[in-house]
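S.K.: Sharing a structure here in structure tokens format.
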Amino acid sequence: QVHGEFLFNSQFMTDTNHPGQAIPFIAWSPSTKRFELNPAAEKFILGIETKIGVISIVGKYRTGKSFFINRVLLNAEGGAFQVGPTINPCTKGLWLWNQPISAENPEFNNMQVLVIDTEGFGGIDENVNHDSRIFLFSLLLSSYFIYNSVGNIDETALQSLSLIINLAKEIQAKNGQNQDQEFADLANFFPQFLWVVRDFALKMQDNTGNVISAKEYLEQALSEQKGVSDSIEQKNRVRRLLKHFFKERDCSTLVRPIESEKDLQRIDNMKNVDLRPEFNQQVDLLRKKIFKKVKPKTFNGRFLDGAMLLEISKIYLEAINNGSVPNIENAWTYLCKSEQQKALNECLEELQKKIGGLDIQAKPLHMDEIKEKKKQIQAELVEAFRSKAVGGSDEINESLVSVKQAVSASFKAFKEKNREQWEKNYNKWIEQKIEGIEDKLKSGQYQSFYEFQICLLYTSPSPRDRQKSRMPSSA
């Protein structure tokens, strides 16, 4: 790592065989001038086959985001995510903890949670465009979005989130919509929002002195100010957008972990017993709160697994690298096609296994049996495809045509193979019968020519015998 840049080199290829470490996820490559996906992170995410929740944390640089992840989300005393004492941002791009965490949300069983740390925005060596793209990745990929700030929620803190306004202009929910329609639809795709206020020292009470909760404190801060000036309108617009985009929002506060300024330089190496008891208690409560509330990442109502999360990551990555506006509808369409193709490939593989498992060498199938097998296998594959494919009913039904065509083509080839086996078995049976007749002729066992004709006649089975023997009439 150098000042202001993340080096895309061998260190980027962190080994995922050692769980319990932070690895780069999406980082800026100085050589290609593009954001790039770390292959090690790709391999790790692909291995998650259950529904997946994604917690990401953003905030200004040097506000202790990595320390928050270490102590609150990972419950780790050591420096799992790098925490540095200088004023330069420590985490470049997006970093990922390469060990999923089991959630405690009773509504969603068998959900694994990913933790993502992001480069702090407002760094002295970055620009607003870079910051907004980091913010975009975090927002689009997460299901639980944590904004980390220090002090209290005042006008300065709210204006720091004005990036949301510019951000909204860079995302499209659907093609061909006006801004009002866009804003209405975008809110459905935004994650849960938690504002964590660090080093909080104020009394939690309203203007009349009544005790309030942290959530009420947030709602109070988001109340619009009175006035008609351009300055007031700009401030109120930030408030309106935050309330509109983040329908599910909450707030938590944490006291300062230690009193000594000097100890802040080595805080990541300090044990919990060296921190303020009140801070440790708040951390424990906040950890339980987060993992009970986090939900799976969804896309148009569909739970995402690791492969699907990775797919949309690549789609957004390509759009942002090309300077395009991330389009959620296009991303969904692309994801549906990709998942349907994957489901189709799996069905075709299963089809070959099922047909290959039909043993016809000793006992070929009759046509009625083939029809029944085809009907059974096709029904099983259709059900499997529907359970795996992503998309609307029309798109899925359209893709199902390929499944049925593959079944028909495979069974057409199977019927020919079955017919050839019938012919082979029948010829062998005929040869055995003829050998028997020849032996009797040579040994003089036939008493008359009539007896020989009768024996020969019954060597060729009648239509009724064929039916009993399940031999095809073309044999």
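Labeling convention for the structure tokens: chains A, B, ... as they appear, residues from 1 per chain, ligands from 1 in order of appearance.
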Using DSSP assignments from the backbone, pull out every residue in region 38-162 of chain A that falls under alpha helix (DSSP H) and give it to me as a PDB file with N, CA and C atoms, in the first residue's frame.
M.R.:
```pdb
ATOM      1  N   PRO A  39      -9.893 -11.939  -7.120  1.00  0.00           N
ATOM      2  CA  PRO A  39     -10.245 -13.347  -7.366  1.00  0.00           C
ATOM      3  C   PRO A  39     -10.388 -14.167  -6.081  1.00  0.00           C
ATOM      4  N   ALA A  40      -9.609 -13.832  -5.048  1.00  0.00           N
ATOM      5  CA  ALA A  40      -9.716 -14.571  -3.787  1.00  0.00           C
ATOM      6  C   ALA A  40     -11.068 -14.326  -3.141  1.00  0.00           C
ATOM      7  N   ALA A  41     -11.546 -13.078  -3.205  1.00  0.00           N
ATOM      8  CA  ALA A  41     -12.871 -12.757  -2.664  1.00  0.00           C
ATOM      9  C   ALA A  41     -13.960 -13.428  -3.482  1.00  0.00           C
ATOM     10  N   GLU A  42     -13.763 -13.474  -4.802  1.00  0.00           N
ATOM     11  CA  GLU A  42     -14.722 -14.130  -5.685  1.00  0.00           C
ATOM     12  C   GLU A  42     -14.862 -15.608  -5.335  1.00  0.00           C
ATOM     13  N   LYS A  43     -13.758 -16.266  -5.120  1.00  0.00           N
ATOM     14  CA  LYS A  43     -13.762 -17.685  -4.762  1.00  0.00           C
ATOM     15  C   LYS A  43     -14.477 -17.901  -3.433  1.00  0.00           C
ATOM     16  N   PHE A  44     -14.211 -17.029  -2.474  1.00  0.00           N
ATOM     17  CA  PHE A  44     -14.839 -17.162  -1.149  1.00  0.00           C
ATOM     18  C   PHE A  44     -16.355 -16.976  -1.236  1.00  0.00           C
ATOM     19  N   ILE A  45     -16.806 -15.938  -1.928  1.00  0.00           N
ATOM     20  CA  ILE A  45     -18.238 -15.647  -2.003  1.00  0.00           C
ATOM     21  C   ILE A  45     -18.980 -16.748  -2.749  1.00  0.00           C
ATOM     22  N   LEU A  46     -18.363 -17.304  -3.788  1.00  0.00           N
ATOM     23  CA  LEU A  46     -19.002 -18.386  -4.541  1.00  0.00           C
ATOM     24  C   LEU A  46     -19.295 -19.599  -3.673  1.00  0.00           C
ATOM     25  N   LYS A  65     -14.053   3.247  11.763  1.00  0.00           N
ATOM     26  CA  LYS A  65     -14.913   2.214  11.192  1.00  0.00           C
ATOM     27  C   LYS A  65     -14.339   0.816  11.400  1.00  0.00           C
ATOM     28  N   SER A  66     -13.043   0.674  11.125  1.00  0.00           N
ATOM     29  CA  SER A  66     -12.424  -0.648  11.257  1.00  0.00           C
ATOM     30  C   SER A  66     -12.423  -1.111  12.714  1.00  0.00           C
ATOM     31  N   PHE A  67     -12.196  -0.196  13.623  1.00  0.00           N
ATOM     32  CA  PHE A  67     -12.251  -0.541  15.050  1.00  0.00           C
ATOM     33  C   PHE A  67     -13.658  -0.991  15.425  1.00  0.00           C
ATOM     34  N   PHE A  68     -14.662  -0.324  14.848  1.00  0.00           N
ATOM     35  CA  PHE A  68     -16.055  -0.696  15.100  1.00  0.00           C
ATOM     36  C   PHE A  68     -16.321  -2.123  14.633  1.00  0.00           C
ATOM     37  N   VAL A 128     -14.253  13.560  -4.655  1.00  0.00           N
ATOM     38  CA  VAL A 128     -15.665  13.248  -4.425  1.00  0.00           C
ATOM     39  C   VAL A 128     -16.134  12.128  -5.336  1.00  0.00           C
ATOM     40  N   ASN A 129     -15.662  12.101  -6.580  1.00  0.00           N
ATOM     41  CA  ASN A 129     -16.072  11.059  -7.511  1.00  0.00           C
ATOM     42  C   ASN A 129     -15.644   9.680  -7.022  1.00  0.00           C
ATOM     43  N   HIS A 130     -14.404   9.586  -6.526  1.00  0.00           N
ATOM     44  CA  HIS A 130     -13.923   8.317  -5.983  1.00  0.00           C
ATOM     45  C   HIS A 130     -14.760   7.917  -4.772  1.00  0.00           C
ATOM     46  N   ASP A 131     -14.997   8.875  -3.879  1.00  0.00           N
ATOM     47  CA  ASP A 131     -15.789   8.598  -2.675  1.00  0.00           C
ATOM     48  C   ASP A 131     -17.182   8.099  -3.029  1.00  0.00           C
ATOM     49  N   SER A 132     -17.823   8.750  -4.016  1.00  0.00           N
ATOM     50  CA  SER A 132     -19.191   8.381  -4.364  1.00  0.00           C
ATOM     51  C   SER A 132     -19.269   6.978  -4.935  1.00  0.00           C
ATOM     52  N   ARG A 133     -18.245   6.570  -5.675  1.00  0.00           N
ATOM     53  CA  ARG A 133     -18.253   5.219  -6.242  1.00  0.00           C
ATOM     54  C   ARG A 133     -18.069   4.155  -5.159  1.00  0.00           C
ATOM     55  N   ILE A 134     -17.208   4.436  -4.181  1.00  0.00           N
ATOM     56  CA  ILE A 134     -17.071   3.530  -3.039  1.00  0.00           C
ATOM     57  C   ILE A 134     -18.400   3.431  -2.301  1.00  0.00           C
ATOM     58  N   PHE A 135     -19.033   4.586  -2.117  1.00  0.00           N
ATOM     59  CA  PHE A 135     -20.329   4.647  -1.442  1.00  0.00           C
ATOM     60  C   PHE A 135     -21.370   3.853  -2.226  1.00  0.00           C
ATOM     61  N   LEU A 136     -21.325   3.973  -3.568  1.00  0.00           N
ATOM     62  CA  LEU A 136     -22.275   3.263  -4.425  1.00  0.00           C
ATOM     63  C   LEU A 136     -22.162   1.757  -4.268  1.00  0.00           C
ATOM     64  N   PHE A 137     -20.942   1.250  -4.340  1.00  0.00           N
ATOM     65  CA  PHE A 137     -20.742  -0.190  -4.190  1.00  0.00           C
ATOM     66  C   PHE A 137     -21.321  -0.678  -2.862  1.00  0.00           C
ATOM     67  N   SER A 138     -21.002   0.024  -1.817  1.00  0.00           N
ATOM     68  CA  SER A 138     -21.440  -0.384  -0.486  1.00  0.00           C
ATOM     69  C   SER A 138     -22.961  -0.369  -0.372  1.00  0.00           C
ATOM     70  N   LEU A 139     -23.558   0.673  -0.906  1.00  0.00           N
ATOM     71  CA  LEU A 139     -25.014   0.828  -0.811  1.00  0.00           C
ATOM     72  C   LEU A 139     -25.749  -0.212  -1.643  1.00  0.00           C
ATOM     73  N   LEU A 140     -25.272  -0.448  -2.868  1.00  0.00           N
ATOM     74  CA  LEU A 140     -25.971  -1.356  -3.772  1.00  0.00           C
ATOM     75  C   LEU A 140     -25.850  -2.817  -3.364  1.00  0.00           C
ATOM     76  N   LEU A 141     -24.765  -3.167  -2.673  1.00  0.00           N
ATOM     77  CA  LEU A 141     -24.526  -4.573  -2.362  1.00  0.00           C
ATOM     78  C   LEU A 141     -24.972  -4.981  -0.965  1.00  0.00           C
ATOM     79  N   GLU A 155     -25.841  19.597  12.236  1.00  0.00           N
ATOM     80  CA  GLU A 155     -25.955  19.999  10.842  1.00  0.00           C
ATOM     81  C   GLU A 155     -24.745  19.562  10.014  1.00  0.00           C
ATOM     82  N   THR A 156     -23.568  19.626  10.643  1.00  0.00           N
ATOM     83  CA  THR A 156     -22.355  19.208   9.938  1.00  0.00           C
ATOM     84  C   THR A 156     -22.417  17.724   9.599  1.00  0.00           C
ATOM     85  N   ALA A 157     -22.863  16.912  10.573  1.00  0.00           N
ATOM     86  CA  ALA A 157     -22.961  15.468  10.349  1.00  0.00           C
ATOM     87  C   ALA A 157     -23.970  15.153   9.253  1.00  0.00           C
ATOM     88  N   LEU A 158     -25.099  15.877   9.243  1.00  0.00           N
ATOM     89  CA  LEU A 158     -26.113  15.641   8.221  1.00  0.00           C
ATOM     90  C   LEU A 158     -25.617  16.040   6.837  1.00  0.00           C
ATOM     91  N   GLN A 159     -24.907  17.152   6.763  1.00  0.00           N
ATOM     92  CA  GLN A 159     -24.412  17.597   5.469  1.00  0.00           C
ATOM     93  C   GLN A 159     -23.322  16.671   4.930  1.00  0.00           C
ATOM     94  N   SER A 160     -22.661  15.953   5.826  1.00  0.00           N
ATOM     95  CA  SER A 160     -21.675  14.971   5.368  1.00  0.00           C
ATOM     96  C   SER A 160     -22.349  13.867   4.564  1.00  0.00           C
TER      97      SER A 160
END
```
S.K.: Counting only C-alpha atoms, which residue out of A:Lys215, A:Lys51, A:Arg237, A:Lys297 sits closest to Ser142 (chain A)?
M.R.: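 Nearest to Ser142 (chain A): A:Lys297.
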S.K.: Nearest to Lys354 (chain A): which of A:Phe190, A:Phe385, A:Phe279, A:Phe411 is it, counting only C-alpha atoms?
M.R.: A:Phe411
S.K.: For Asn236 (chain A), which of A:Ser162, A:Ser313, A:Asn207, A:Asn98 is the closest residue, counting only C-alpha atoms?
M.R.: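 Ranking A:Ser162, A:Ser313, A:Asn207, A:Asn98 by distance to Asn236 (chain A), first place goes to A:Ser162.
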S.K.: In Å, rounded to a single decimal, give me how far CA of Gly120 (chain A) is from CA of Gly59 (chain A).
M.R.: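 Computing it gives 5.5 Å between the two atoms.
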